[in-house]
Structure formats: structure tokens, C-alpha cells
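Novice: The structure file input_0.cif (mmCIF, C-alpha atoms and all ligand atoms) is provided below.
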```cif
data_final
loop_
_atom_site.label_atom_id
_atom_site.label_comp_id
_atom_site.auth_asym_id
_atom_site.auth_seq_id
_atom_site.Cartn_x
_atom_site.Cartn_y
_atom_site.Cartn_z
CA MET A 28 0.00 0.00 0.00
CA THR A 29 1.41 3.41 -0.85
CA ALA A 30 1.14 6.56 1.24
CA HIS A 31 -2.23 8.31 1.05
CA ARG A 32 -3.75 5.48 -0.90
CA ARG A 33 -7.53 5.60 -0.84
CA LEU A 34 -8.90 3.17 1.71
CA THR A 35 -12.14 1.39 0.88
CA ILE A 36 -13.52 -0.20 4.01
CA GLY A 37 -15.75 -3.20 4.64
CA LEU A 38 -17.08 -2.87 8.19
CA PHE A 39 -18.27 -5.82 10.28
CA GLY A 40 -20.52 -4.76 13.16
CA PHE A 41 -22.64 -1.67 13.75
CA GLY A 42 -22.97 -1.68 17.54
CA VAL A 43 -21.50 0.83 19.98
CA VAL A 44 -18.08 0.88 18.27
CA GLY A 45 -19.21 0.37 14.64
CA GLU A 46 -21.70 3.21 14.73
CA GLY A 47 -19.16 5.40 16.54
CA LEU A 48 -16.65 4.73 13.78
CA TYR A 49 -19.21 5.51 11.08
CA LYS A 50 -19.87 8.93 12.67
CA VAL A 51 -16.22 9.68 13.38
CA LEU A 52 -15.19 8.82 9.79
CA HIS A 53 -17.77 11.28 8.51
CA GLN A 54 -16.05 14.01 10.47
CA THR A 55 -12.56 13.13 9.23
CA ASP A 56 -12.43 14.09 5.54
CA SER A 57 -8.65 14.24 5.45
CA LEU A 58 -8.43 10.49 5.91
CA ASN A 59 -9.45 9.64 2.35
CA ALA A 60 -11.29 6.56 3.61
CA GLN A 61 -14.81 5.47 2.87
CA ILE A 62 -17.04 2.67 4.15
CA LYS A 63 -18.38 0.72 1.16
CA LYS A 64 -20.42 -1.94 2.94
CA ILE A 65 -21.40 -2.84 6.50
CA CYS A 66 -22.12 -6.45 7.43
CA ILE A 67 -24.59 -6.93 10.28
CA LYS A 68 -26.30 -9.93 11.89
CA ASP A 69 -29.83 -8.66 12.40
CA PRO A 70 -31.28 -6.87 9.32
CA GLY A 71 -34.47 -5.94 11.21
CA LYS A 72 -32.92 -3.29 13.50
CA LYS A 73 -33.32 0.41 12.74
CA ARG A 74 -29.91 1.95 12.10
CA ASN A 75 -28.62 5.50 11.70
CA ALA A 76 -27.03 5.05 8.26
CA PRO A 77 -28.32 4.61 4.67
CA GLU A 78 -30.02 1.24 4.22
CA GLU A 79 -28.08 0.37 1.04
CA LEU A 80 -24.83 0.21 3.04
CA PHE A 81 -25.98 -2.83 4.99
CA THR A 82 -25.83 -6.51 4.13
CA THR A 83 -25.97 -9.77 6.06
CA ASP A 84 -23.76 -11.56 3.52
CA ARG A 85 -20.14 -11.47 4.74
CA ASP A 86 -18.85 -12.53 1.31
CA GLU A 87 -20.10 -9.27 -0.19
CA LEU A 88 -17.30 -7.64 1.80
CA LEU A 89 -14.69 -10.38 1.91
CA ASN A 90 -14.84 -11.13 -1.84
CA ASP A 91 -15.13 -7.52 -3.03
CA GLU A 92 -11.79 -6.70 -4.63
CA SER A 93 -12.35 -2.96 -4.36
CA ILE A 94 -12.43 -3.29 -0.53
CA ASN A 95 -8.85 -3.13 0.69
CA VAL A 96 -9.49 -2.81 4.45
CA ILE A 97 -11.71 -4.94 6.68
CA VAL A 98 -12.63 -3.35 10.00
CA GLU A 99 -14.08 -5.89 12.41
CA VAL A 100 -15.79 -4.71 15.60
CA ILE A 101 -18.17 -7.55 16.47
CA SER A 102 -18.30 -9.30 19.83
CA GLU A 103 -18.51 -13.00 18.84
CA ALA A 104 -14.92 -14.23 18.98
CA ASP A 105 -15.17 -17.27 16.68
CA ALA A 106 -17.09 -15.40 13.97
CA ALA A 107 -14.57 -12.54 14.26
CA PHE A 108 -11.66 -14.95 13.75
CA GLU A 109 -13.31 -16.41 10.65
CA ILE A 110 -13.77 -12.92 9.21
CA VAL A 111 -10.26 -11.75 10.06
CA SER A 112 -8.48 -14.85 8.78
CA THR A 113 -10.47 -14.89 5.52
CA ALA A 114 -9.81 -11.17 5.02
CA LEU A 115 -6.04 -11.60 5.46
CA LYS A 116 -5.99 -14.62 3.16
CA ASN A 117 -7.93 -12.56 0.60
CA GLY A 118 -5.22 -9.89 0.65
CA LYS A 119 -6.97 -7.28 2.79
CA ALA A 120 -5.49 -5.29 5.65
CA VAL A 121 -7.43 -5.75 8.89
CA VAL A 122 -8.31 -3.53 11.83
CA SER A 123 -9.93 -5.32 14.77
CA SER A 124 -11.16 -4.43 18.24
CA SER A 125 -12.04 -7.99 19.32
CA LYS A 126 -9.86 -8.59 22.36
CA LYS A 127 -11.34 -12.01 23.14
CA MET A 128 -10.76 -13.18 19.57
CA ILE A 129 -7.21 -11.82 19.46
CA SER A 130 -6.32 -13.34 22.81
CA GLU A 131 -7.80 -16.75 22.00
CA HIS A 132 -6.25 -16.90 18.51
CA LEU A 133 -2.98 -15.09 19.11
CA THR A 134 -0.73 -17.82 17.71
CA ALA A 135 -2.83 -18.26 14.56
CA LEU A 136 -3.03 -14.50 14.02
CA LEU A 137 0.75 -14.14 14.32
CA LYS A 138 1.17 -16.91 11.76
CA LEU A 139 -1.33 -15.35 9.35
CA GLN A 140 0.43 -11.98 9.55
CA MET A 141 3.75 -13.68 8.89
CA GLU A 142 2.40 -15.67 5.92
CA THR A 143 0.44 -12.88 4.26
CA GLY A 144 2.73 -9.97 5.16
CA LEU A 145 -0.42 -7.92 5.70
CA PRO A 146 -1.17 -5.51 8.55
CA PHE A 147 -3.42 -6.58 11.40
CA LEU A 148 -3.89 -3.59 13.70
CA CYS A 149 -5.76 -3.72 17.00
CA GLU A 150 -5.03 -0.56 19.01
CA SER A 151 -8.66 -0.35 20.16
CA SER A 152 -8.59 -3.86 21.63
CA ALA A 153 -6.77 -2.75 24.80
CA CYS A 154 -7.29 0.52 26.72
CA ALA A 155 -9.46 1.91 23.87
CA SER A 156 -8.40 5.53 23.40
CA ILE A 157 -4.89 5.17 24.91
CA PRO A 158 -2.32 4.46 22.17
CA VAL A 159 -0.53 1.85 24.25
CA ILE A 160 0.05 -0.96 21.74
CA ARG A 161 1.89 1.14 19.19
CA ASN A 162 3.81 2.71 22.04
CA LEU A 163 4.96 -0.63 23.42
CA GLU A 164 5.82 -1.81 19.91
CA GLU A 165 7.78 1.21 18.80
CA TYR A 166 9.16 3.04 21.79
CA TYR A 167 10.27 0.60 24.46
CA ASP A 168 13.13 -1.69 23.74
CA ASN A 169 13.12 -5.12 25.34
CA ASP A 170 15.77 -4.27 27.90
CA LEU A 171 14.30 -0.93 28.87
CA LEU A 172 10.87 -2.05 29.98
CA HIS A 173 10.84 -2.93 33.69
CA SER A 174 7.17 -3.06 34.48
CA LEU A 175 3.65 -2.25 33.39
CA ARG A 176 0.74 -1.61 35.73
CA ALA A 177 -2.58 -0.83 34.21
CA ILE A 178 -6.30 -0.47 34.56
CA VAL A 179 -7.50 -2.03 31.33
CA ASN A 180 -11.21 -2.59 31.95
CA GLY A 181 -13.44 0.46 31.96
CA SER A 182 -16.58 -1.24 33.28
CA THR A 183 -15.06 -2.65 36.46
CA ASN A 184 -13.35 0.65 37.15
CA TYR A 185 -16.68 2.42 36.62
CA ILE A 186 -18.43 -0.04 38.96
CA LEU A 187 -15.77 0.36 41.69
CA THR A 188 -16.04 4.15 41.46
CA LYS A 189 -19.84 4.09 41.67
CA MET A 190 -19.89 1.54 44.53
CA PHE A 191 -17.27 3.06 46.78
CA GLU A 192 -17.52 6.77 46.01
CA GLU A 193 -21.20 7.16 45.25
CA LYS A 194 -22.54 4.26 47.36
CA LEU A 195 -24.43 2.69 44.48
CA ASP A 196 -25.03 -1.03 44.92
CA PHE A 197 -23.17 -3.51 42.73
CA LYS A 198 -26.11 -4.52 40.52
CA ALA A 199 -27.18 -0.93 39.84
CA ALA A 200 -23.59 -0.02 38.92
CA VAL A 201 -23.38 -2.95 36.48
CA ILE A 202 -26.65 -1.90 34.83
CA GLN A 203 -25.34 1.66 34.43
CA ALA A 204 -22.14 0.36 32.82
CA GLN A 205 -24.28 -1.65 30.39
CA GLN A 206 -26.57 1.27 29.60
CA LEU A 207 -23.60 3.53 28.87
CA GLY A 208 -22.20 0.98 26.41
CA PHE A 209 -19.04 0.20 28.43
CA ALA A 210 -19.88 -3.35 29.47
CA GLU A 211 -19.59 -6.47 27.31
CA ALA A 212 -22.78 -8.10 25.98
CA ASP A 213 -22.17 -10.60 28.80
CA PRO A 214 -21.03 -8.35 31.68
CA THR A 215 -19.58 -11.26 33.66
CA LEU A 216 -16.69 -11.05 31.17
CA ASP A 217 -15.92 -7.65 32.71
CA VAL A 218 -16.84 -8.35 36.32
CA GLU A 219 -14.93 -11.66 36.60
CA GLY A 220 -11.79 -10.30 34.95
CA TRP A 221 -11.94 -12.11 31.59
CA ASP A 222 -11.93 -8.94 29.51
CA ALA A 223 -8.95 -7.56 31.42
CA ALA A 224 -7.10 -10.87 31.05
CA TYR A 225 -7.71 -10.94 27.27
CA LYS A 226 -6.33 -7.42 27.01
CA TRP A 227 -3.37 -8.31 29.21
CA THR A 228 -2.31 -11.18 26.93
CA ILE A 229 -2.40 -8.77 23.97
CA LEU A 230 -0.29 -6.18 25.79
CA LEU A 231 2.16 -8.82 27.06
CA CYS A 232 2.79 -9.84 23.46
CA HIS A 233 3.58 -6.28 22.34
CA ALA A 234 5.48 -5.37 25.52
CA TYR A 235 7.53 -8.50 26.14
CA GLY A 236 7.04 -10.83 23.16
CA ILE A 237 5.13 -13.29 25.32
CA VAL A 238 2.56 -15.43 23.50
CA ALA A 239 0.26 -16.50 26.31
CA SER A 240 -3.39 -17.29 26.77
CA THR A 241 -5.65 -16.45 29.71
CA ARG A 242 -4.86 -19.96 31.03
CA ASP A 243 -1.29 -18.81 31.64
CA ILE A 244 -2.25 -15.65 33.52
CA LEU A 245 -3.65 -15.67 37.04
CA PHE A 246 -6.66 -13.39 37.05
CA THR A 247 -9.90 -12.59 38.75
CA GLY A 248 -12.28 -9.64 38.72
CA ILE A 249 -14.14 -7.60 41.31
CA GLN A 250 -16.93 -10.11 41.98
CA ASN A 251 -15.83 -10.76 45.59
CA VAL A 252 -14.74 -7.26 46.55
CA ASN A 253 -17.13 -5.82 49.15
CA GLU A 254 -17.83 -2.75 51.27
CA ASN A 255 -15.85 -4.13 54.23
CA ASP A 256 -12.76 -4.34 52.05
CA ALA A 257 -13.26 -0.76 50.90
CA ASN A 258 -13.57 0.32 54.57
CA VAL A 259 -10.33 -1.43 55.57
CA GLY A 260 -8.70 0.25 52.55
CA ARG A 261 -10.04 3.68 53.56
CA GLU A 262 -8.56 3.31 57.07
CA LYS A 263 -5.18 2.75 55.47
CA ASN A 264 -5.65 5.50 52.86
CA TYR A 265 -5.95 3.01 50.00
CA GLU A 266 -8.40 2.69 47.13
CA ILE A 267 -9.29 -0.49 45.26
CA ARG A 268 -8.60 -0.99 41.55
CA LEU A 269 -8.55 -4.02 39.25
CA VAL A 270 -4.89 -3.90 38.26
CA ALA A 271 -3.15 -5.77 35.47
CA GLN A 272 0.53 -6.00 36.29
CA ALA A 273 3.67 -7.33 34.64
CA LYS A 274 7.19 -7.02 35.99
CA LYS A 275 10.57 -8.21 34.80
CA LEU A 276 12.11 -9.92 37.84
CA LEU A 277 15.80 -10.00 38.70
CA ASN A 278 16.06 -13.45 37.10
CA GLY A 279 14.85 -11.94 33.79
CA ARG A 280 11.49 -13.69 33.84
CA ILE A 281 8.14 -11.93 33.79
CA ALA A 282 5.61 -11.97 36.61
CA ALA A 283 2.12 -11.21 35.23
CA PHE A 284 -1.39 -11.25 36.66
CA VAL A 285 -4.71 -9.37 36.81
CA LEU A 286 -6.04 -9.02 40.38
CA PRO A 287 -7.80 -6.45 42.56
CA GLN A 288 -5.21 -4.31 44.28
CA PHE A 289 -5.07 -1.64 46.98
CA VAL A 290 -3.49 1.49 45.57
CA LYS A 291 -2.10 4.36 47.63
CA HIS A 292 -3.41 7.89 47.10
CA ASP A 293 -0.18 8.98 45.45
CA ASP A 294 -0.27 6.06 42.98
CA HIS A 295 -1.12 7.26 39.45
CA LEU A 296 -3.73 4.52 39.20
CA SER A 297 -5.70 5.98 42.10
CA PHE A 298 -6.33 8.97 39.83
CA VAL A 299 -8.10 6.69 37.32
CA LYS A 300 -11.85 6.66 37.95
CA ASN A 301 -15.07 5.75 36.16
CA GLU A 302 -14.60 4.26 32.68
CA TYR A 303 -11.09 5.66 32.35
CA ASN A 304 -8.08 3.42 31.92
CA GLY A 305 -4.49 4.14 32.89
CA VAL A 306 -1.11 2.60 32.22
CA VAL A 307 2.01 3.18 34.29
CA ILE A 308 5.17 2.12 32.51
CA GLU A 309 8.46 1.87 34.33
CA SER A 310 11.58 1.84 32.22
CA SER A 311 15.32 1.92 32.82
CA PHE A 312 16.14 5.58 32.49
CA ALA A 313 12.86 7.44 32.19
CA ASP A 314 11.53 6.19 35.55
CA LYS A 315 7.71 6.23 35.43
CA GLN A 316 5.40 7.30 32.63
CA PHE A 317 1.65 7.48 32.97
CA PHE A 318 -0.86 7.17 30.12
CA TYR A 319 -4.46 8.04 30.83
CA GLY A 320 -7.64 8.04 28.76
CA LYS A 321 -11.10 6.61 28.23
CA GLY A 322 -11.01 2.83 28.10
CA ALA A 323 -14.51 2.13 26.85
CA GLY A 324 -17.40 3.75 25.03
CA SER A 325 -18.34 4.51 21.46
CA PHE A 326 -16.15 7.45 20.39
CA PRO A 327 -13.05 6.70 22.51
CA THR A 328 -12.90 3.18 21.03
CA ALA A 329 -13.74 4.43 17.53
CA SER A 330 -10.91 6.96 17.81
CA ALA A 331 -8.37 4.13 18.19
CA VAL A 332 -9.92 2.25 15.23
CA LEU A 333 -9.69 5.47 13.22
CA SER A 334 -6.04 5.87 14.13
CA ASP A 335 -5.33 2.31 12.94
CA ILE A 336 -7.14 3.00 9.66
CA SER A 337 -5.07 6.13 9.28
CA ALA A 338 -1.85 4.19 9.96
CA LEU A 339 -2.72 1.86 7.07
CA ARG A 340 -2.25 4.74 4.66
CA TYR A 341 1.44 4.51 5.50
CA ASP A 342 1.47 0.73 5.32
CA TYR A 343 2.11 0.48 9.04
CA ARG A 344 2.20 -3.02 10.52
CA TYR A 345 3.38 -4.43 13.82
CA GLU A 346 6.84 -5.95 13.66
CA TYR A 347 6.45 -7.75 17.04
CA LYS A 348 10.03 -6.72 17.73
CA LYS A 349 10.22 -8.30 21.20
CA LEU A 350 9.02 -11.61 19.79
CA TYR A 351 10.98 -11.85 16.56
CA HIS A 352 14.03 -9.62 17.05
CA HIS A 353 14.93 -10.57 20.65
CA THR A 354 14.93 -13.73 22.70
CA PRO A 355 11.29 -13.67 23.84
CA ASN A 356 10.67 -13.30 27.56
CA GLN A 357 9.10 -16.04 29.64
CA LEU A 358 6.47 -15.97 32.34
CA THR A 359 7.23 -17.18 35.84
CA GLN A 360 5.23 -17.99 38.96
CA ASP A 361 8.30 -18.10 41.14
CA PHE A 362 7.87 -15.04 43.34
CA TYR A 363 5.93 -13.94 46.44
CA VAL A 364 3.09 -11.49 46.90
CA ARG A 365 1.73 -9.53 49.82
CA VAL A 366 -2.02 -10.10 50.00
CA TYR A 367 -5.04 -8.90 51.95
CA LEU A 368 -7.73 -11.56 52.42
CA SER A 369 -11.14 -11.10 53.95
CA PHE A 370 -13.25 -14.12 54.85
CA ASP A 371 -16.09 -15.50 56.96
CA GLU A 372 -14.36 -18.46 58.67
CA TRP A 373 -10.71 -19.16 59.55
CA SER A 374 -11.24 -22.76 58.46
CA TYR A 375 -11.45 -21.57 54.81
CA ILE A 376 -7.93 -20.11 54.97
CA PRO A 377 -4.89 -22.41 54.54
CA ARG A 378 -2.67 -20.63 57.08
CA GLU A 379 0.19 -23.11 56.54
CA LYS A 380 0.70 -21.68 53.02
CA PHE A 381 1.69 -18.21 54.25
CA GLU A 382 5.33 -17.24 54.73
CA TRP A 383 4.16 -14.99 57.52
CA ILE A 384 1.06 -13.08 58.60
CA GLU A 385 1.61 -9.36 59.22
CA GLU A 386 -1.78 -8.30 60.50
CA TRP A 387 -5.03 -10.04 61.34
CA HIS A 388 -8.44 -9.11 62.64
CA ALA A 389 -10.60 -11.92 63.87
CA GLN A 390 -13.64 -10.09 65.17
CA GLU A 391 -17.15 -11.52 64.77
CA GLY A 392 -18.45 -11.34 61.23
CA ARG A 393 -15.99 -10.41 58.51
CA LYS A 394 -12.37 -11.26 59.33
CA TYR A 395 -9.24 -10.23 57.47
CA LEU A 396 -5.51 -10.69 57.38
CA ILE A 397 -2.49 -9.34 55.53
CA ALA A 398 0.18 -11.89 54.71
CA VAL A 399 2.99 -12.89 52.37
CA ILE A 400 2.49 -15.98 50.22
CA HIS A 401 4.22 -17.70 47.32
CA PHE A 402 2.40 -16.86 44.09
CA ARG A 403 2.03 -20.51 43.11
CA HIS A 404 -0.26 -21.07 46.12
CA LEU A 405 -2.68 -18.75 44.35
CA ALA A 406 -2.00 -19.98 40.83
CA GLU A 407 -2.34 -23.69 41.55
CA ASP A 408 -5.52 -23.65 43.60
CA ASP A 409 -8.54 -21.36 43.84
CA TRP A 410 -9.21 -21.55 47.62
CA TRP A 411 -8.91 -17.73 47.67
CA LYS A 412 -11.95 -17.35 45.41
CA LYS A 413 -14.21 -19.79 47.26
CA HIS A 414 -16.56 -19.42 50.27
CA ASN A 415 -17.01 -15.69 49.77
CA THR A 416 -13.30 -15.06 50.36
CA SER A 417 -11.98 -11.82 48.88
CA LEU A 418 -8.36 -11.32 47.84
CA ILE A 419 -6.83 -7.92 47.21
CA LEU A 420 -3.12 -7.42 46.61
CA ALA A 421 -1.31 -4.98 48.87
CA PRO A 422 0.31 -1.93 47.25
CA ASP A 423 3.60 -2.86 45.58
CA PRO A 424 2.74 -6.55 46.02
CA ILE A 425 5.61 -8.42 44.33
CA ILE A 426 8.40 -9.70 46.59
CA GLU A 427 11.36 -11.45 45.00
CA ASP A 428 13.44 -14.22 46.55
CA MET A 429 16.28 -12.03 47.73
CA GLU A 430 13.98 -9.45 49.30
CA LEU A 431 11.98 -12.22 50.99
CA ARG A 432 15.12 -13.56 52.64
CA LYS A 433 16.05 -10.08 53.86
CA LEU A 434 12.55 -9.46 55.23
CA LYS A 435 12.54 -12.84 57.00
CA LYS A 436 15.93 -12.17 58.56
CA LYS A 437 14.75 -8.76 59.76
CA SER A 438 11.61 -10.20 61.34
CA LEU A 439 13.64 -12.90 63.14
CA GLU A 440 16.03 -10.23 64.44
CA LEU A 441 13.09 -8.15 65.66
CA ALA A 442 11.75 -11.22 67.45
CA GLY A 443 15.20 -11.70 69.01
CA ILE A 444 15.58 -15.15 67.44
CA SER A 445 18.73 -14.76 65.36
N1 LIG A 501 -16.11 -3.93 28.31
C1 LIG A 501 -14.91 -3.25 27.99
C2 LIG A 501 -14.48 -2.41 29.17
C3 LIG A 501 -15.10 -2.41 26.77
O1 LIG A 501 -15.32 -2.16 30.04
O2 LIG A 501 -13.34 -2.00 29.25
C4 LIG A 501 -13.83 -1.82 26.21
O3 LIG A 501 -12.95 -2.83 25.80
#
```
How does the structure come out when it is put into C-alpha cells?

Specialist:
Amino acid sequence: MTAHRRLTIGLFGFGVVGEGLYKVLHQTDSLNAQIKKICIKDPGKKRNAPEELFTTDRDELLNDESINVIVEVISEADAAFEIVSTALKNGKAVVSSSKKMISEHLTALLKLQMETGLPFLCESSACASIPVIRNLEEYYDNDLLHSLRAIVNGSTNYILTKMFEEKLDFKAAVIQAQQLGFAEADPTLDVEGWDAAYKWTILLCHAYGIVASTRDILFTGIQNVNENDANVGREKNYEIRLVAQAKKLLNGRIAAFVLPQFVKHDDHLSFVKNEYNGVVIESSFADKQFFYGKGAGSFPTASAVLSDISALRYDYRYEYKKLYHHTPNQLTQDFYVRVYLSFDEWSYIPREKFEWIEEWHAQEGRKYLIAVIHFRHLAEDDWWKKHNTSLILAPDPIIEDMELRKLKKKSLELAGIS
């Protein structure tokens, strides 16, 4: 594709994002891009665009030689993969926002890009309006990137804000997130952390060259977080966020997970409220950088799709530098974390698994403790999700081997044992 080539688009999906893109494209004349056909599932719905644009026959788009870009913004992952793979095989560049599809078919998508040499851009699939994928691809070299901490799901962040700052109950907050177009068609994908985990696998690939699936990443959502937890947090000056985290450990391996976390008031992520997302990147010489923007919703997501379409005019494609030009990084579960757990009965808590317990409150009703535990005790068993138990990571939760030994020695000295 040459610079400023005219882009003729076949669009799949006319929901929150598809319609947003249609409107945004109409306000961006300079782009030299035009939607030729829109494929939808249900022809009966009333839509705000000329009727002749719509079809239910996907081949009208995929086999039209004048269409050189397929934009796919549907929510069914398997159908999206069919569309995307056929489009690439038919010689079309692809822009996609389907995080579930990309995460579940990452290996196949990498192979298709390699075989066809065609661009597959997906900036809108993670953190919507924040240009984080292209940033990770282009700016941060493998050796420079120490850690990423991010809020990648707008709905859960919106729900947490409404619950703990505006005292809305959980169900009402979920309904609001749905009505505003932030939540997935099935909102349990947001609430139970799936959506964030899909996005995290995509970002791990661009940040560290890791090709992982959600099975390789420990994650949960905000389904067990409750008012008591928020109160304990408030006493300590902490707020609760669903944080996706990845850190290069001293042994060169990558710790990665998506879990609720207490954040201090001076943490950049505590600034992120409602449907906003935020990414804190720590690199060798620049220290911390903070990216902030809307992570869900029609126009913010459409703006990232638009930016990908615009990048196609210059034949931009991801090189997956960390994957193909470096020795790819590997995930590890060999580290410790500091956790807060709240629970109804001590008998539900395997106390023998903790390295040590720093604080515990065993009053009637809801009990809680703060302790240090090896990460594999969370990864290999889900006791911490059962029986109404709630797990929230402490601020700065990762503890590496060497630090653990130092902390243990210090606590023994304090106890007068060594
Ligand atoms: N359900 C998603 C979210 C939409 O709330 O972040 C944007 O990917």
C-alpha cells in the first residue's frame, strides 16, 4: 500500500463501536477513507445510516476486490476470527477491536500476519483511546521495559467508582455500565476479569514478546470485593482498583497477573476513575510514565480504530520486535506477593501456606488478614476465590526471593531469634 492510498472499508458490526466509527469517519475528511459496505447480523434493527450500506452476507465484503481494508468490531470471537483470517488470506489489511478473539487466537493470528505480510492492527482492543500498543511496539526496547501496571477494563473501574464513592449497589452499577455501552454483551466477562485478562495477553505480546493465553495468567475480577474491604482500605488510605501487572524480575522472567489491588493515594492509578483506563510504565532511564484516557465507550474506542485506519495509509504493521528480534521473555510464577484476604471463617484459609502473617483481625463477622504468600499457592488452587473469600493485593505486592530472605531475617532479628 502506498502513502495516502484511498482506503475502501468493509465494516463488520454496527454496535456501539461500529456506529461510533461511522460517525467519526464522517467528520474526518482528510483520511481519504470510505465505508463501502457494513455487514450486520440482524437486518431488522433500525440503524442511523443509509439502508443500502448494509448486508448480512459477509462474502459481499470479503470477496469484493475494491475493498482493501476490513474493520471488524463484532463481539462473537469465533465469527470474528473467521472474518479476520479470511480477510487476510484474501489480501486485505485488517483492523480489529475484538480482544477475546485476538487473545484466543494469538498464535494463529501471528502466523497469518507472517504468511500474508499484511497488517493486522488492534489498538482499540486494549485501553481503547490510549495508544498503548503502538507505544509498546515502537518506543520501548526489550531491555528498557521494567514493568507495566494498568487499569485495562473500563466497566469494572466504573463499577468500583460508583460503589465506593457514590454508594451505588453492585447490581445498579453494572446496569449503568451496560446502559452507557461500556460493558460487554455478557457483563460477567468484565466483572470476573476475563476482559482484562484478554487485554493483558495482547499487551504482554507487544510489551515483552510473550505469546500466552488467559490460562497462563492468574486473574480474577471484582466479583468478591465488598464494602468491608473498601472500609479497611479507607482506614489505610488506600483505594481499590482491578490492576493488570507485569514485571521483569531480577532473574529476567516476567511476573504477570490481573487481580484487585489496593493502591495508595499517590499512585497514578488511584487517579483513574469511572470508565477511564491508565497505564504506568516503568523503564530503565525514564523512571515512570503514565498514560491516561477513556477505556470504553463509542467514540473513545472508535478513535483508536480510526487511528489504525489512518496508519494503514502509511502501510504500518506491527513488527512484534520483542518476539521476533529478541529472545522472547518467559512468564514465571516463582515469586511472592503480599495479600489482603477477607473471609467469613478461619477454616477456609490455609494458614500453613503463608510465609508470615503481618496483620489479622478476627472479630465476629468479617475477618481479614495481611500476609505474604508464594504466588504458586494462588495460581495452583482457587481456595482464595471460594466461600465468599476476597483477595486484594497490597500496594507494591511483588516480593522477590532475595527481598523475601532479607525481610525474614529482619523479622527474626526483631523477634530476638537470630
Ligand atoms: N467492556 C470493555 C471495558 C469495553 O469495560 O473495558 C472496552 O474494551

Novice: Would you work out the distance separating atom CA of A:Asn184 from atom CA of A:Val270, expressed in Å to one decimal?

Specialist: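 One can read the atom CA of A:Asn184 to atom CA of A:Val270 distance as 9.7 Å.
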
Novice: For A:Leu231, work out the shell of residues within 10 Å, counting all atoms listed in the file and skipping chain neighbours fewer than 4 positions away, then give it as a list in words.

Specialist: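 In the requested format, the answer is Ile160, Leu163, Leu175, Lys226, Trp227, Tyr235, Gly236, Ile237, Val238, Ala239, Gln272, Ala273, Ile281, Ala283, Lys349, Asn356 and Leu358 of chain A.
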
Novice: Around ligand LIG 501 (chain A), out to 7 Å and counting all atoms listed in the file, which residues are there? I want them as a list in words.

Specialist: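 Checked against 7 Å with all atoms listed in the file; the hits are Ser152, Ala153, Cys154, Ala155, Val179, Asn180, Gly181, Ser182, Thr183, Phe209, Ala210, Glu211, Asp217, Asp222, Glu302, Gly322, Ala323 and Gly324 of chain A.
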
Novice: For the residues in that selection, give me C-alpha atoms as a short mmCIF file (atom, residue, chain, number, x, y, z; two decimals), in the coordinates of the input.

Specialist:
```
data_model
loop_
_atom_site.label_atom_id
_atom_site.label_comp_id
_atom_site.auth_asym_id
_atom_site.auth_seq_id
_atom_site.Cartn_x
_atom_site.Cartn_y
_atom_site.Cartn_z
CA SER A 152 -8.59 -3.86 21.63
CA ALA A 153 -6.77 -2.75 24.80
CA CYS A 154 -7.29 0.52 26.72
CA ALA A 155 -9.46 1.91 23.87
CA VAL A 179 -7.50 -2.03 31.33
CA ASN A 180 -11.21 -2.59 31.95
CA GLY A 181 -13.44 0.46 31.96
CA SER A 182 -16.58 -1.24 33.28
CA THR A 183 -15.06 -2.65 36.46
CA PHE A 209 -19.04 0.20 28.43
CA ALA A 210 -19.88 -3.35 29.47
CA GLU A 211 -19.59 -6.47 27.31
CA ASP A 217 -15.92 -7.65 32.71
CA ASP A 222 -11.93 -8.94 29.51
CA GLU A 302 -14.60 4.26 32.68
CA GLY A 322 -11.01 2.83 28.10
CA ALA A 323 -14.51 2.13 26.85
CA GLY A 324 -17.40 3.75 25.03
#
```

Novice: Go through A:Val290, A:Ile65, A:Val285, A:Ile425 and flag the residue nearest A:Lys263, using all atoms listed in the file for the distances.

Specialist: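 Smallest separation from A:Lys263 among the options: A:Val290.
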
Novice: Residues within 12 Å of stretch 428-434 of chain A, please, as a list in words. Count only C-alpha atoms; anything in the same chain fewer than 6 positions from it doesn't count.

Specialist: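 These residues fall inside the cut-off: Leu276, Leu277, Asn278, Gln360, Asp361, Phe362, Tyr363, Val364, Arg365, Glu382, Trp383, Glu385, Val399, Ile400, His401, Phe402, Glu440 and Leu441 of chain A.
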
Novice: Between atom CA of A:Glu262 and atom CA of A:His292, what is the distance, to one decimal in Å?

Specialist: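 Result for atom CA of A:Glu262 versus atom CA of A:His292: 12.1 Å, one decimal.
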
Novice: Neighbouring residues of A:Asn415 were defined as those with any atom within 12 Å, considering only C-alpha atoms; residues of the same chain fewer than 3 positions away were excluded. Please report them as a list in words.

Specialist: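 These residues fall inside the cut-off: Gln250, Asn251, Val252, Asn253, Leu368, Ser369, Phe370, Asp371, Glu372, Tyr375, Ile376, Arg393, Lys394, Asp409, Trp410, Trp411, Lys412 and Leu418 of chain A.
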
Novice: I'd like the interatomic distance between atom CA of A:Tyr303 and atom CA of A:Leu269, to a tenth of an Å.

Specialist: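 Straight-line distance from atom CA of A:Tyr303 to atom CA of A:Leu269 works out to 12.2 Å.
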
Novice: Using all atoms listed in the file, collect all residues at a distance of at most 12 Å from (14.6, 4.4, 33.5) as written in the file, then present them as JSON, numbers by chain.

Specialist: {"A": [167, 168, 170, 171, 172, 173, 174, 308, 309, 310, 311, 312, 313, 314, 315, 316]}

Novice: So which one's closest to A:Asn258, A:Asp243, A:Glu192, A:Asp293, A:Glu407? Using all atoms listed in the file, please.

Specialist: A:Glu192

Novice: Using all atoms listed in the file, find the one residue out of A:Thr83, A:Ser130, A:Thr359, A:Thr55 that sits nearest to A:Gly279.

Specialist: A:Thr359

Novice: Of the residues A:Phe326, A:Trp373, A:Phe284, A:Tyr343, which is the one nearest to A:Leu52, using only C-alpha atoms?

Specialist: A:Phe326

Novice: Please provide as a short mmCIF file (atom, residue, chain, number, x, y, z; two decimals) with C-alpha atoms, in the frame of the given file all residues within 9 Å of A:Pro214, with the sequence filter that same-chain residues fewer than 5 positions apart are discarded (counting all atoms listed in the file).

Specialist:
```
data_model
loop_
_atom_site.label_atom_id
_atom_site.label_comp_id
_atom_site.auth_asym_id
_atom_site.auth_seq_id
_atom_site.Cartn_x
_atom_site.Cartn_y
_atom_site.Cartn_z
CA SER A 182 -16.58 -1.24 33.28
CA VAL A 201 -23.38 -2.95 36.48
CA ALA A 204 -22.14 0.36 32.82
CA GLN A 205 -24.28 -1.65 30.39
CA GLU A 219 -14.93 -11.66 36.60
#
```

Novice: Check the smallest atom-to-atom distance from each of A:Asp408, A:Ala234, A:Lys64, A:Arg340 to A:Asn169 using all atoms listed in the file, then report the winner.

Specialist: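 Counting all atoms listed in the file, the residue closest to A:Asn169 is A:Ala234.
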
Novice: Could you check the closest approach to A:Arg74 for each of A:Leu34, A:Leu148, A:Val43, A:Ala114 and tell me which residue wins, using all atoms listed in the file?

Specialist: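 Residue with the minimum atom-to-atom distance to A:Arg74: A:Val43.
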
Novice: Give me the residues near A:Thr134 as a PyMOL selection string, where near means some atom within 12 Å (using all atoms listed in the file) and where sequence neighbours in that chain fewer than 2 positions away do not count.

Specialist: chain A and resi 108+128-132+136-141+228-229+232+236-240+350
